[in-house]
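**Student:** So that we are looking at the same thing, I have put the structure below in structure tokens.
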Amino acid sequence: MPVCLGPARATCGRCAADTRGVRTGWPCEDAPAPLPAAPAGQPVPARARGARGLNSVPFWSEPSRRLASCPLGCSVDALVQPLLRCLNCSCKCKTCLYMSQSKHVEARELMCSGALLFFSHGQQNSAADLSMLVLESLEKADVGVADELLENLAKLFGLMDPNSPERVAFVSRALKWSSGGSGKLGHPRLHQLLALTLWKEQNYCESRYHFLHSADGEGCANMLVEYSTARGFRSEVDMFVAQAVLQFLCLKNKSSASVVFTTYTQKHPSIENGPPFVQPLLNFIWFLLLAVDGGKLTVFTVLCEQYQPSLRRDPMYNEYLDRIGQLFFGVPPKQTSSYGGLLGNLLSSLMGSSEQEGEDSQDDSSPIELD
């Protein structure tokens with residue numbers, strides 16, 4: 001791609017008037033010819049004098065501080081727009097140069113800082129493009145997961161428009177990178193940072209999903225308390241925490257399930273001190289956590305039978321409990337056959353051994369949808 005290394009003329013993005021001969025020094029594909037020298041007695045900013053090349057001006061400099069006022073009185077935002085377009089070209093050109101030289105750290109810092117600048121001026125599309133290039137740099141450099149990198153990705157995520165499709169693509173790609181491309185659900189720390197960001201936006205459903213895949217049980221409980229008091233009915237205070245605990249157990253995260261339950265029941269204003277609790281469903285969850293620690297199938301079976309009236313409040317509860325029984329109590333998976341009657345029983349008995357071998361080779365990933 002041809003790149004102009006000469007000074008670009010600064011014009012107002014609204015009225016196209018020259019801004020007193022100030023030159024930016026930023027490269028641009030379509031940079032017009034430089035303006036004539038400023039009139040006598042009119043100073044030219046030091047940074048604009050003799051600026052040449054990609055390295056002449058720090059790309060993170062505040063454009064609004066480098067511009068003189070528009071002669072027709074347009075706002076500073078109108079003056080900034082053409083420089084941001086020029087900056088976008090500059091940043092991408094220099095990024096390509098760094099990437100071709102395998103200078104991934106420099107390219108990543110350049111793109112991250114450039115994206116933050118574009119976000120600060122409301123340039124969502126340009127900022128999202130640079131954010132995706134940050135991920136591309138991480139993927140090509142084969143960089144290990146570090147807290148600083150995850151925090152930078154979460155910061156870029158938080159600045160994106162919540163309704164933009166670029167944000168969905170960004171978080172999906174970031175989670176894939178953080179998992180090492182192994183098909184897992186993403187790094188727990190990144191999930192935690194995303195959950196906290198979505199919580200601040202009051203996007204409780206998405207926040208709960210990411211909390212489930214993090215190790216922050218206390219944060220999840222605090223979010224659920226706010227979610228319940230702000231959006232839920234008083235009669236459903238027990239259902240908010242019950243669903244979260246059952247889903248944590250389906251993911252074999254017993255410690256977070258216990259922390260969520262304890263923190264939620266202590267901090268929710270509509271739940272009296274317990275155990276035991278006034279709500280039967282809370283008592284069931286309390287007994288279930290104790291049964292998981294014990295690992296006795298008979299206790300688990302009796303518990304599920306006795307609390308069926310409470311478990312019928314949500315049809316998903318029994319599916320969660322089937323999975324929990326398989327993970328913690330050795331309950332075999334349900335056998336489904338396309339044939340009924342005697343023929344179905346015969347085929348099931350003949351194929352039982354081969355099916356058991358196939359089950360032993362399966363991983364522990366939960367087949368239950370946790371959204």
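Labels used: A, B, ... for chains in the order of the structure tokens, numbers from 1 for residues in each chain, and numbers from 1 for ligands as shown.
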Please, which residues of range 153-361 of chain A, numbered as in this document, come out alpha helix (DSSP H) from DSSP, as a PyMOL selection string?
**Tutor:** chain A and resi 153-159+165-178+188-200+204-212+217-231+237-250+254-267+280-294+297-306+308-311+316-328+341-360
**Student:** Please provide the set of residues having any atom within 9 Å of range 282-297 of chain A, restricted to only C-alpha atoms, with same-chain residues fewer than 2 positions apart removed, written as a PyMOL selection string.
**Tutor:** chain A and resi 238-239+241-242+245-246+254+257-258+261+265+274-280+299-304+307+310+324-325+328-331
**Student:** Between CA of Leu150 in chain A and CA of Lys184 in chain A, what distance in Å does the model show, to one decimal?
**Tutor:**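 Here the two named atoms are 16.4 Å from each other.
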**Student:** Could you pull the residues within 12 Å of range 153-156 of chain A, counting only C-alpha atoms, minus those fewer than 5 positions along the same chain, as a tab-separated table (two decimals) with all heavy atoms, in the first residue's frame?
**Tutor:**
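What follows is the written file around09.tsv:
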chain	number	residue	atom	x	y	z
A	108	ARG	N	1.73	-4.53	19.27
A	108	ARG	CA	0.59	-4.64	20.19
A	108	ARG	C	0.42	-3.36	21.01
A	108	ARG	O	-0.71	-2.88	21.21
A	108	ARG	CB	0.80	-5.85	21.10
A	108	ARG	CG	-0.39	-6.16	21.99
A	108	ARG	CD	-0.28	-7.55	22.55
A	108	ARG	NE	0.93	-7.75	23.33
A	108	ARG	CZ	1.94	-8.52	22.97
A	108	ARG	NH1	1.92	-9.14	21.80
A	108	ARG	NH2	3.00	-8.68	23.74
A	109	GLU	N	1.51	-2.79	21.49
A	109	GLU	CA	1.42	-1.55	22.24
A	109	GLU	C	0.91	-0.41	21.37
A	109	GLU	O	0.12	0.43	21.82
A	109	GLU	CB	2.80	-1.20	22.82
A	109	GLU	CG	3.27	-2.16	23.90
A	109	GLU	CD	4.67	-1.84	24.39
A	109	GLU	OE1	5.32	-0.96	23.77
A	109	GLU	OE2	5.12	-2.46	25.37
A	111	MET	N	-1.06	-0.64	18.68
A	111	MET	CA	-2.48	-0.82	18.37
A	111	MET	C	-3.36	-0.58	19.59
A	111	MET	O	-4.44	0.00	19.49
A	111	MET	CB	-2.70	-2.22	17.81
A	111	MET	CG	-2.10	-2.42	16.44
A	111	MET	SD	-2.36	-4.08	15.79
A	111	MET	CE	-1.29	-5.05	16.86
A	112	CYS	N	-2.90	-1.02	20.74
A	112	CYS	CA	-3.70	-0.84	21.96
A	112	CYS	C	-3.84	0.64	22.30
A	112	CYS	O	-4.94	1.12	22.59
A	112	CYS	CB	-3.05	-1.61	23.11
A	112	CYS	SG	-4.05	-1.66	24.62
A	113	SER	N	-2.74	1.37	22.25
A	113	SER	CA	-2.81	2.80	22.54
A	113	SER	C	-3.63	3.54	21.49
A	113	SER	O	-4.39	4.45	21.81
A	113	SER	CB	-1.39	3.38	22.60
A	113	SER	OG	-0.64	2.77	23.62
A	114	GLY	N	-3.47	3.15	20.23
A	114	GLY	CA	-4.27	3.77	19.19
A	114	GLY	C	-5.75	3.51	19.36
A	114	GLY	O	-6.59	4.40	19.17
A	115	ALA	N	-6.10	2.27	19.75
A	115	ALA	CA	-7.52	1.95	19.97
A	115	ALA	C	-8.10	2.78	21.11
A	115	ALA	O	-9.23	3.27	21.03
A	115	ALA	CB	-7.67	0.46	20.28
A	116	LEU	N	-7.33	2.96	22.18
A	116	LEU	CA	-7.81	3.77	23.30
A	116	LEU	C	-8.04	5.21	22.88
A	116	LEU	O	-9.01	5.86	23.32
A	116	LEU	CB	-6.80	3.71	24.45
A	116	LEU	CG	-6.61	2.34	25.13
A	116	LEU	CD1	-5.53	2.42	26.20
A	116	LEU	CD2	-7.92	1.85	25.73
A	117	LEU	N	-7.16	5.73	22.01
A	117	LEU	CA	-7.34	7.10	21.52
A	117	LEU	C	-8.62	7.21	20.68
A	117	LEU	O	-9.40	8.16	20.84
A	117	LEU	CB	-6.13	7.52	20.70
A	117	LEU	CG	-6.22	8.91	20.03
A	117	LEU	CD1	-6.38	10.00	21.07
A	117	LEU	CD2	-5.00	9.16	19.17
A	118	PHE	N	-8.84	6.24	19.81
A	118	PHE	CA	-10.05	6.28	18.99
A	118	PHE	C	-11.31	6.14	19.85
A	118	PHE	O	-12.32	6.81	19.60
A	118	PHE	CB	-10.01	5.17	17.94
A	118	PHE	CG	-9.16	5.50	16.75
A	118	PHE	CD1	-8.02	4.76	16.46
A	118	PHE	CD2	-9.50	6.55	15.91
A	118	PHE	CE1	-7.24	5.07	15.35
A	118	PHE	CE2	-8.72	6.86	14.80
A	118	PHE	CZ	-7.58	6.12	14.53
A	119	PHE	N	-11.27	5.29	20.86
A	119	PHE	CA	-12.42	5.16	21.75
A	119	PHE	C	-12.71	6.49	22.45
A	119	PHE	O	-13.87	6.87	22.63
A	119	PHE	CB	-12.17	4.08	22.80
A	119	PHE	CG	-12.43	2.68	22.32
A	119	PHE	CD1	-11.46	1.69	22.45
A	119	PHE	CD2	-13.65	2.35	21.76
A	119	PHE	CE1	-11.71	0.40	22.02
A	119	PHE	CE2	-13.91	1.05	21.31
A	119	PHE	CZ	-12.94	0.08	21.44
A	120	SER	N	-11.65	7.20	22.84
A	120	SER	CA	-11.84	8.47	23.56
A	120	SER	C	-12.51	9.52	22.69
A	120	SER	O	-13.09	10.48	23.21
A	120	SER	CB	-10.49	8.99	24.07
A	120	SER	OG	-9.64	9.37	23.01
A	124	GLN	N	-15.73	4.32	17.03
A	124	GLN	CA	-15.91	2.92	17.40
A	124	GLN	C	-15.37	1.96	16.35
A	124	GLN	O	-14.73	0.95	16.68
A	124	GLN	CB	-17.39	2.65	17.65
A	124	GLN	CG	-17.91	3.18	18.97
A	124	GLN	CD	-17.46	2.33	20.15
A	124	GLN	OE1	-17.24	1.13	20.02
A	124	GLN	NE2	-17.31	2.96	21.31
A	127	ALA	N	-11.54	1.97	16.28
A	127	ALA	CA	-11.05	1.38	17.52
A	127	ALA	C	-11.26	-0.12	17.54
A	127	ALA	O	-10.40	-0.88	18.00
A	127	ALA	CB	-11.75	2.03	18.72
A	128	ALA	N	-12.40	-0.58	17.04
A	128	ALA	CA	-12.66	-2.02	16.99
A	128	ALA	C	-11.70	-2.72	16.04
A	128	ALA	O	-11.24	-3.84	16.32
A	128	ALA	CB	-14.11	-2.27	16.57
A	129	ASP	N	-11.38	-2.09	14.91
A	129	ASP	CA	-10.41	-2.68	13.97
A	129	ASP	C	-9.05	-2.87	14.63
A	129	ASP	O	-8.42	-3.94	14.51
A	129	ASP	CB	-10.27	-1.80	12.73
A	129	ASP	CG	-11.52	-1.83	11.86
A	129	ASP	OD1	-12.32	-2.76	12.03
A	129	ASP	OD2	-11.68	-0.91	11.03
A	130	LEU	N	-8.60	-1.85	15.34
A	130	LEU	CA	-7.30	-1.96	16.01
A	130	LEU	C	-7.36	-2.97	17.15
A	130	LEU	O	-6.37	-3.67	17.42
A	130	LEU	CB	-6.88	-0.59	16.54
A	130	LEU	CG	-6.53	0.45	15.48
A	130	LEU	CD1	-6.16	1.78	16.14
A	130	LEU	CD2	-5.38	-0.02	14.59
A	131	SER	N	-8.49	-3.09	17.82
A	131	SER	CA	-8.63	-4.09	18.89
A	131	SER	C	-8.51	-5.50	18.34
A	131	SER	O	-7.89	-6.37	18.96
A	131	SER	CB	-9.97	-3.90	19.61
A	131	SER	OG	-10.07	-2.62	20.19
A	132	MET	N	-9.10	-5.73	17.17
A	132	MET	CA	-8.97	-7.05	16.56
A	132	MET	C	-7.53	-7.31	16.13
A	132	MET	O	-7.05	-8.46	16.18
A	132	MET	CB	-9.91	-7.15	15.36
A	132	MET	CG	-11.38	-7.06	15.71
A	132	MET	SD	-11.95	-8.35	16.85
A	132	MET	CE	-11.84	-9.79	15.79
A	133	LEU	N	-6.82	-6.26	15.71
A	133	LEU	CA	-5.41	-6.43	15.36
A	133	LEU	C	-4.57	-6.76	16.59
A	133	LEU	O	-3.54	-7.44	16.47
A	133	LEU	CB	-4.89	-5.17	14.68
A	133	LEU	CG	-5.40	-4.90	13.26
A	133	LEU	CD1	-4.88	-3.56	12.75
A	133	LEU	CD2	-5.00	-6.02	12.31
A	134	VAL	N	-4.98	-6.28	17.75
A	134	VAL	CA	-4.28	-6.66	18.98
A	134	VAL	C	-4.37	-8.16	19.19
A	134	VAL	O	-3.38	-8.84	19.51
A	134	VAL	CB	-4.88	-5.91	20.19
A	134	VAL	CG1	-4.32	-6.45	21.49
A	134	VAL	CG2	-4.61	-4.42	20.08
A	135	LEU	N	-5.56	-8.72	18.99
A	135	LEU	CA	-5.72	-10.17	19.12
A	135	LEU	C	-4.92	-10.91	18.06
A	135	LEU	O	-4.34	-11.97	18.34
A	135	LEU	CB	-7.20	-10.53	19.02
A	135	LEU	CG	-8.08	-10.16	20.21
A	135	LEU	CD1	-9.54	-10.44	19.90
A	135	LEU	CD2	-7.65	-10.95	21.44
A	138	LEU	N	-1.43	-11.18	19.21
A	138	LEU	CA	-1.27	-12.19	20.26
A	138	LEU	C	-1.26	-13.59	19.67
A	138	LEU	O	-0.50	-14.46	20.11
A	138	LEU	CB	-2.39	-12.05	21.28
A	138	LEU	CG	-2.37	-10.79	22.16
A	138	LEU	CD1	-3.65	-10.69	22.98
A	138	LEU	CD2	-1.15	-10.79	23.08
A	145	VAL	N	-0.52	-16.54	28.25
A	145	VAL	CA	-1.55	-15.75	28.94
A	145	VAL	C	-0.94	-15.11	30.18
A	145	VAL	O	-0.30	-15.79	30.99
A	145	VAL	CB	-2.74	-16.63	29.33
A	145	VAL	CG1	-3.77	-15.83	30.11
A	145	VAL	CG2	-3.37	-17.25	28.09
A	146	ALA	N	-1.14	-13.80	30.32
A	146	ALA	CA	-0.66	-13.05	31.48
A	146	ALA	C	-1.76	-12.10	31.93
A	146	ALA	O	-2.60	-11.68	31.13
A	146	ALA	CB	0.61	-12.27	31.15
A	147	ASP	N	-1.75	-11.76	33.23
A	147	ASP	CA	-2.80	-10.90	33.78
A	147	ASP	C	-2.85	-9.55	33.07
A	147	ASP	O	-3.93	-9.00	32.82
A	147	ASP	CB	-2.58	-10.69	35.28
A	147	ASP	CG	-2.96	-11.92	36.09
A	147	ASP	OD1	-3.66	-12.79	35.53
A	147	ASP	OD2	-2.58	-12.01	37.27
A	148	GLU	N	-1.68	-8.99	32.75
A	148	GLU	CA	-1.66	-7.68	32.10
A	148	GLU	C	-2.34	-7.72	30.74
A	148	GLU	O	-3.10	-6.81	30.38
A	148	GLU	CB	-0.21	-7.20	31.96
A	148	GLU	CG	-0.09	-5.81	31.33
A	148	GLU	CD	1.35	-5.37	31.18
A	148	GLU	OE1	2.26	-6.14	31.57
A	148	GLU	OE2	1.57	-4.25	30.66
A	161	ASP	N	-18.94	-0.52	21.97
A	161	ASP	CA	-20.39	-0.35	22.01
A	161	ASP	C	-21.02	-1.70	22.36
A	161	ASP	O	-20.79	-2.69	21.67
A	161	ASP	CB	-20.89	0.13	20.65
A	161	ASP	CG	-22.39	0.37	20.64
A	161	ASP	OD1	-23.03	0.20	21.69
A	161	ASP	OD2	-22.92	0.72	19.57
A	162	PRO	N	-21.83	-1.76	23.44
A	162	PRO	CA	-22.42	-3.06	23.83
A	162	PRO	C	-23.25	-3.71	22.75
A	162	PRO	O	-23.41	-4.94	22.75
A	162	PRO	CB	-23.27	-2.68	25.05
A	162	PRO	CG	-22.67	-1.43	25.59
A	162	PRO	CD	-22.15	-0.69	24.38
A	166	GLU	N	-19.04	-6.16	16.40
A	166	GLU	CA	-17.59	-6.31	16.59
A	166	GLU	C	-17.27	-6.76	18.02
A	166	GLU	O	-16.28	-7.47	18.24
A	166	GLU	CB	-16.88	-4.99	16.29
A	166	GLU	CG	-16.89	-4.58	14.83
A	166	GLU	CD	-18.17	-3.88	14.43
A	166	GLU	OE1	-19.03	-3.68	15.33
A	166	GLU	OE2	-18.31	-3.53	13.24
A	167	ARG	N	-18.09	-6.35	18.96
A	167	ARG	CA	-17.82	-6.74	20.35
A	167	ARG	C	-18.00	-8.24	20.56
A	167	ARG	O	-17.23	-8.87	21.27
A	167	ARG	CB	-18.77	-5.98	21.29
A	167	ARG	CG	-18.33	-6.01	22.74
A	167	ARG	CD	-19.38	-5.42	23.65
A	167	ARG	NE	-18.79	-4.87	24.86
A	167	ARG	CZ	-19.47	-4.58	25.94
A	167	ARG	NH1	-20.77	-4.76	25.99
A	167	ARG	NH2	-18.86	-4.08	27.01
A	170	PHE	N	-15.06	-9.92	19.03
A	170	PHE	CA	-13.85	-9.67	19.82
A	170	PHE	C	-13.80	-10.59	21.03
A	170	PHE	O	-12.76	-11.22	21.31
A	170	PHE	CB	-13.82	-8.21	20.25
A	170	PHE	CG	-12.65	-7.86	21.14
A	170	PHE	CD1	-11.41	-7.58	20.59
A	170	PHE	CD2	-12.78	-7.82	22.52
A	170	PHE	CE1	-10.33	-7.26	21.39
A	170	PHE	CE2	-11.71	-7.50	23.34
A	170	PHE	CZ	-10.48	-7.22	22.77
A	171	VAL	N	-14.89	-10.70	21.78
A	171	VAL	CA	-14.86	-11.50	23.01
A	171	VAL	C	-14.74	-12.98	22.68
A	171	VAL	O	-14.06	-13.74	23.39
A	171	VAL	CB	-16.12	-11.20	23.86
A	171	VAL	CG1	-17.38	-11.76	23.22
A	171	VAL	CG2	-15.94	-11.77	25.26
A	172	SER	N	-15.36	-13.41	21.59
A	172	SER	CA	-15.24	-14.82	21.19
A	172	SER	C	-13.80	-15.16	20.84
A	172	SER	O	-13.27	-16.21	21.26
A	172	SER	CB	-16.17	-15.10	20.01
A	172	SER	OG	-16.02	-16.42	19.55
A	173	ARG	N	-13.16	-14.29	20.11
A	173	ARG	CA	-11.77	-14.53	19.69
A	173	ARG	C	-10.82	-14.41	20.88
A	173	ARG	O	-9.84	-15.17	20.98
A	173	ARG	CB	-11.40	-13.54	18.61
A	173	ARG	CG	-10.11	-13.83	17.88
A	173	ARG	CD	-10.00	-12.94	16.65
A	173	ARG	NE	-8.72	-13.11	15.98
A	173	ARG	CZ	-8.38	-12.43	14.89
A	173	ARG	NH1	-9.24	-11.56	14.36
A	173	ARG	NH2	-7.19	-12.62	14.32
A	174	ALA	N	-11.11	-13.48	21.80
A	174	ALA	CA	-10.25	-13.31	22.97
A	174	ALA	C	-10.33	-14.54	23.87
A	174	ALA	O	-9.30	-15.01	24.40
A	174	ALA	CB	-10.66	-12.06	23.73
A	175	LEU	N	-11.51	-15.08	24.07
A	175	LEU	CA	-11.66	-16.28	24.90
A	175	LEU	C	-10.97	-17.48	24.26
A	175	LEU	O	-10.35	-18.29	24.96
A	175	LEU	CB	-13.14	-16.58	25.13
A	175	LEU	CG	-13.88	-15.61	26.05
A	175	LEU	CD1	-15.38	-15.88	26.02
A	175	LEU	CD2	-13.36	-15.72	27.48
A	177	TRP	N	-8.35	-17.36	22.30
A	177	TRP	CA	-6.90	-17.20	22.49
A	177	TRP	C	-6.50	-17.52	23.92
A	177	TRP	O	-5.48	-18.18	24.16
A	177	TRP	CB	-6.49	-15.78	22.15
A	177	TRP	CG	-5.08	-15.47	22.61
A	177	TRP	CD1	-3.91	-15.83	21.99
A	177	TRP	CD2	-4.71	-14.81	23.83
A	177	TRP	NE1	-2.83	-15.42	22.74
A	177	TRP	CE2	-3.29	-14.80	23.88
A	177	TRP	CE3	-5.42	-14.23	24.87
A	177	TRP	CZ2	-2.59	-14.22	24.93
A	177	TRP	CZ3	-4.73	-13.65	25.92
A	177	TRP	CH2	-3.33	-13.65	25.94
A	178	SER	N	-7.27	-17.07	24.89
A	178	SER	CA	-6.92	-17.28	26.30
A	178	SER	C	-6.96	-18.74	26.71
A	178	SER	O	-6.32	-19.14	27.69
A	178	SER	CB	-7.84	-16.46	27.20
A	178	SER	OG	-9.16	-16.98	27.19
A	189	ARG	N	-9.70	-16.02	34.55
A	189	ARG	CA	-9.47	-14.62	34.88
A	189	ARG	C	-10.12	-13.70	33.85
A	189	ARG	O	-10.71	-12.67	34.21
A	189	ARG	CB	-7.96	-14.35	34.96
A	189	ARG	CG	-7.56	-12.89	35.15
A	189	ARG	CD	-8.13	-12.29	36.41
A	189	ARG	NE	-7.66	-10.92	36.60
A	189	ARG	CZ	-8.22	-10.04	37.42
A	189	ARG	NH1	-9.28	-10.39	38.13
A	189	ARG	NH2	-7.71	-8.83	37.54
A	190	LEU	N	-10.03	-14.05	32.58
A	190	LEU	CA	-10.66	-13.24	31.55
A	190	LEU	C	-12.18	-13.28	31.70
A	190	LEU	O	-12.86	-12.25	31.56
A	190	LEU	CB	-10.26	-13.73	30.16
A	190	LEU	CG	-10.85	-12.95	28.98
A	190	LEU	CD1	-10.49	-11.47	29.06
A	190	LEU	CD2	-10.36	-13.53	27.65
A	191	HIS	N	-12.72	-14.45	32.01
A	191	HIS	CA	-14.16	-14.54	32.27
A	191	HIS	C	-14.56	-13.64	33.44
A	191	HIS	O	-15.60	-12.98	33.40
A	191	HIS	CB	-14.55	-15.99	32.57
A	191	HIS	CG	-14.79	-16.82	31.36
A	191	HIS	ND1	-15.84	-16.60	30.49
A	191	HIS	CD2	-14.12	-17.90	30.86
A	191	HIS	CE1	-15.82	-17.50	29.52
A	191	HIS	NE2	-14.78	-18.29	29.72
A	192	GLN	N	-13.74	-13.60	34.47
A	192	GLN	CA	-14.05	-12.76	35.62
A	192	GLN	C	-14.07	-11.28	35.23
A	192	GLN	O	-14.98	-10.53	35.61
A	192	GLN	CB	-13.03	-12.98	36.73
A	192	GLN	CG	-13.28	-12.15	37.98
A	192	GLN	CD	-12.12	-12.19	38.95
A	192	GLN	OE1	-10.97	-12.47	38.56
A	192	GLN	NE2	-12.39	-11.94	40.22
A	193	LEU	N	-13.07	-10.84	34.47
A	193	LEU	CA	-13.00	-9.45	34.05
A	193	LEU	C	-14.18	-9.08	33.14
A	193	LEU	O	-14.76	-7.99	33.26
A	193	LEU	CB	-11.68	-9.18	33.33
A	193	LEU	CG	-10.41	-9.31	34.19
A	193	LEU	CD1	-9.17	-9.24	33.31
A	193	LEU	CD2	-10.37	-8.22	35.26
A	194	LEU	N	-14.55	-9.98	32.25
A	194	LEU	CA	-15.70	-9.73	31.39
A	194	LEU	C	-16.99	-9.67	32.21
A	194	LEU	O	-17.86	-8.82	31.95
A	194	LEU	CB	-15.81	-10.83	30.33
A	194	LEU	CG	-14.65	-10.93	29.32
A	194	LEU	CD1	-14.86	-12.14	28.42
A	194	LEU	CD2	-14.53	-9.66	28.50
A	195	ALA	N	-17.10	-10.55	33.20
A	195	ALA	CA	-18.29	-10.56	34.04
A	195	ALA	C	-18.43	-9.26	34.82
A	195	ALA	O	-19.53	-8.70	34.95
A	195	ALA	CB	-18.24	-11.75	35.00
A	196	LEU	N	-17.33	-8.75	35.34
A	196	LEU	CA	-17.38	-7.49	36.08
A	196	LEU	C	-17.76	-6.32	35.18
A	196	LEU	O	-18.53	-5.44	35.58
A	196	LEU	CB	-16.01	-7.23	36.74
A	196	LEU	CG	-15.60	-8.20	37.85
A	196	LEU	CD1	-14.17	-7.93	38.29
A	196	LEU	CD2	-16.55	-8.11	39.04
A	197	THR	N	-17.25	-6.33	33.94
A	197	THR	CA	-17.60	-5.27	33.00
A	197	THR	C	-19.09	-5.30	32.67
A	197	THR	O	-19.78	-4.27	32.66
A	197	THR	CB	-16.78	-5.41	31.72
A	197	THR	OG1	-15.39	-5.28	32.03
A	197	THR	CG2	-17.15	-4.33	30.71
A	198	LEU	N	-19.60	-6.49	32.38
A	198	LEU	CA	-21.02	-6.63	32.05
A	198	LEU	C	-21.91	-6.32	33.24
A	198	LEU	O	-23.03	-5.82	33.08
A	198	LEU	CB	-21.28	-8.04	31.53
A	198	LEU	CG	-20.62	-8.36	30.18
A	198	LEU	CD1	-20.61	-9.85	29.92
A	198	LEU	CD2	-21.35	-7.64	29.05
**Student:** Rank nothing, just name the residue among A:Ser207, A:Glu106, A:Leu251, A:Leu321 nearest to Gln308 in chain A, using only C-alpha atoms.
**Tutor:** A:Leu321
